Amino acid sequence: MAPTGKPSMDPTEEKASQEVDIYRDTWVRFLGYANEVGEAFRALVPSSVVWGSYAVATVYVAADALDKGKKAAAAHGDNPGQKTRVVAAVADTFLWQALASVIIPGITINRVCAASLHLLGRTTRWPLPVRKWTTTAIGLSTVPFIITPIDRSVDYLLDASLRKMYGPGDKQD
């Protein structure tokens, strides 16, 4: 549909709206949450496992950014400013994904788990393994509640800053 609400006559616009984005519309999206799972299990697993979960999430972020760069290059062909639009698409996607999928949720889950482990230690007489598993369950159950507020906050942050430099047409989320 065109912005006017009428069907678009442009076949490339119609094709783009039907195209499945593997990084946003399939199970691959869950790879972006690997570090949150790693953070939730931090009390139970070696730190190398947690860092491995960050590696998985970072590869996902980089792959999505490169994908959006390739799509921007194809969409803009040899038009003037094509390189700028490709760089903007890659930068926007990478920064958005890094903040919304890795950095902010990772810190959030880390702090929720650390606080819950501390509070459980001060308020219960549960054995340490029970407190650790409870902390992991709290961390995992927190993930669905933080996704939307973090995504919206990162959108607001980028809309109010970086995206003003290159315009709304290059927004990649």
# chains A, B, ... in the order shown; residues from 1 in each chain; ligands from 1
>>> residues_around(residues="segment 91-100 of chain A", least_positions_apart="2", cutoff="9 Å", atoms="only C-alpha atoms", output="ChimeraX atom specification")
/A:32,57-58,60-66,68-69,86-89,102-105,147,150-155,158,162-163,170-173
>>> write_last_selection(atoms="N, CA, C and O atoms", output="compact mmCIF listing (two decimals), in the first residue's frame")
# COMPACT_ATOMS: atom_id res chain seq x y z
N GLY A 32 19.44 -12.93 18.72
CA GLY A 32 19.73 -11.63 19.32
C GLY A 32 19.51 -11.61 20.82
O GLY A 32 20.01 -10.73 21.52
N ALA A 57 25.08 -13.27 20.02
CA ALA A 57 24.24 -12.09 19.82
C ALA A 57 24.94 -11.05 18.95
O ALA A 57 24.31 -10.42 18.10
N THR A 58 26.25 -10.89 19.12
CA THR A 58 26.99 -9.91 18.33
C THR A 58 27.08 -10.33 16.87
O THR A 58 26.96 -9.49 15.97
N TYR A 60 24.81 -12.06 15.35
CA TYR A 60 23.46 -11.77 14.85
C TYR A 60 23.34 -10.28 14.48
O TYR A 60 22.83 -9.94 13.40
N VAL A 61 23.80 -9.40 15.35
CA VAL A 61 23.72 -7.95 15.12
C VAL A 61 24.49 -7.58 13.85
O VAL A 61 23.98 -6.85 12.99
N ALA A 62 25.70 -8.09 13.72
CA ALA A 62 26.53 -7.78 12.55
C ALA A 62 25.90 -8.32 11.27
O ALA A 62 25.88 -7.64 10.24
N ALA A 63 25.36 -9.53 11.33
CA ALA A 63 24.73 -10.12 10.14
C ALA A 63 23.50 -9.32 9.71
O ALA A 63 23.30 -9.08 8.51
N ASP A 64 22.70 -8.88 10.66
CA ASP A 64 21.53 -8.06 10.32
C ASP A 64 21.96 -6.73 9.71
O ASP A 64 21.39 -6.28 8.71
N ALA A 65 22.98 -6.11 10.28
CA ALA A 65 23.47 -4.83 9.74
C ALA A 65 24.00 -5.00 8.32
O ALA A 65 23.69 -4.18 7.43
N LEU A 66 24.75 -6.05 8.07
CA LEU A 66 25.26 -6.29 6.72
C LEU A 66 24.12 -6.57 5.74
O LEU A 66 24.14 -6.10 4.60
N LYS A 68 21.05 -5.43 5.93
CA LYS A 68 20.37 -4.16 5.63
C LYS A 68 21.22 -3.29 4.71
O LYS A 68 20.69 -2.55 3.87
N GLY A 69 22.54 -3.39 4.83
CA GLY A 69 23.42 -2.66 3.92
C GLY A 69 23.31 -3.18 2.50
O GLY A 69 23.24 -2.40 1.54
N VAL A 86 23.83 3.44 2.12
CA VAL A 86 24.26 2.11 2.56
C VAL A 86 24.93 2.23 3.93
O VAL A 86 24.62 1.45 4.85
N VAL A 87 25.83 3.19 4.08
CA VAL A 87 26.49 3.39 5.37
C VAL A 87 25.47 3.72 6.46
O VAL A 87 25.54 3.20 7.57
N ALA A 88 24.50 4.57 6.13
CA ALA A 88 23.46 4.93 7.10
C ALA A 88 22.64 3.71 7.49
O ALA A 88 22.33 3.51 8.67
N ALA A 89 22.31 2.85 6.52
CA ALA A 89 21.52 1.65 6.82
C ALA A 89 22.29 0.70 7.72
O ALA A 89 21.74 0.17 8.70
N VAL A 102 21.57 -6.23 22.61
CA VAL A 102 22.73 -6.73 23.35
C VAL A 102 23.02 -5.91 24.61
O VAL A 102 22.93 -6.41 25.72
N ILE A 103 23.36 -4.65 24.44
CA ILE A 103 23.90 -3.86 25.56
C ILE A 103 22.88 -3.59 26.65
O ILE A 103 23.08 -3.99 27.82
N ILE A 104 21.79 -2.94 26.32
CA ILE A 104 20.81 -2.55 27.36
C ILE A 104 20.14 -3.78 27.99
O ILE A 104 20.08 -3.87 29.23
N PRO A 105 19.66 -4.75 27.20
CA PRO A 105 19.06 -5.92 27.85
C PRO A 105 20.07 -6.73 28.65
O PRO A 105 19.74 -7.28 29.71
N ILE A 147 11.68 -6.30 26.55
CA ILE A 147 11.94 -6.16 25.12
C ILE A 147 11.27 -4.92 24.53
O ILE A 147 11.93 -4.06 23.93
N ILE A 150 12.50 -1.44 25.89
CA ILE A 150 13.86 -1.14 25.44
C ILE A 150 13.85 -0.79 23.95
O ILE A 150 14.47 0.18 23.53
N ASP A 151 13.14 -1.58 23.15
CA ASP A 151 13.06 -1.29 21.71
C ASP A 151 12.52 0.12 21.45
O ASP A 151 13.08 0.87 20.65
N ARG A 152 11.45 0.46 22.14
CA ARG A 152 10.86 1.80 21.95
C ARG A 152 11.80 2.90 22.43
O ARG A 152 11.88 3.96 21.80
N SER A 153 12.49 2.66 23.52
CA SER A 153 13.43 3.66 24.04
C SER A 153 14.60 3.88 23.08
O SER A 153 15.03 5.01 22.87
N VAL A 154 15.09 2.80 22.50
CA VAL A 154 16.20 2.93 21.54
C VAL A 154 15.72 3.63 20.27
O VAL A 154 16.43 4.46 19.71
N ASP A 155 14.49 3.32 19.83
CA ASP A 155 13.92 4.05 18.70
C ASP A 155 13.88 5.54 18.99
O ASP A 155 14.28 6.37 18.17
N LEU A 158 17.47 7.06 19.00
CA LEU A 158 18.04 7.22 17.67
C LEU A 158 17.26 8.24 16.84
O LEU A 158 17.87 9.00 16.07
N LEU A 162 20.91 10.38 16.11
CA LEU A 162 21.57 9.94 14.89
C LEU A 162 20.71 10.03 13.64
O LEU A 162 21.16 10.48 12.59
N ARG A 163 19.48 9.64 13.75
CA ARG A 163 18.60 9.62 12.57
C ARG A 163 18.28 11.01 12.05
O ARG A 163 17.88 11.15 10.90
N ASP A 170 16.07 6.38 5.85
CA ASP A 170 17.08 5.36 6.00
C ASP A 170 16.93 4.55 7.29
O ASP A 170 17.76 3.74 7.61
N LYS A 171 15.87 4.80 8.03
CA LYS A 171 15.61 4.06 9.25
C LYS A 171 15.44 2.59 8.92
O LYS A 171 14.68 2.24 8.02
N GLN A 172 16.12 1.71 9.65
CA GLN A 172 16.13 0.30 9.29
C GLN A 172 15.40 -0.61 10.24
O GLN A 172 15.39 -1.80 10.06
N ASP A 173 14.78 -0.13 11.28
CA ASP A 173 14.12 -1.05 12.20
C ASP A 173 12.76 -1.28 11.70
O ASP A 173 12.03 -2.04 11.67
>>> residues_around(residues="Thr136 of chain A", least_positions_apart="3", cutoff="12 Å", atoms="only C-alpha atoms", output="NGL selection string")
:A and (36-45 or 109-117 or 129-133 or 139-143)
>>> atom_distance(atom1="atom CA of Ile107 of chain A", atom2="atom CA of Thr123 of chain A")
23.9 Å
>>> atom_distance(atom1="atom CA of Pro144 of chain A", atom2="atom CA of Arg24 of chain A")
16.1 Å
>>> atom_distance(atom1="atom CA of Ala75 of chain A", atom2="atom CA of Tyr23 of chain A")
18.1 Å
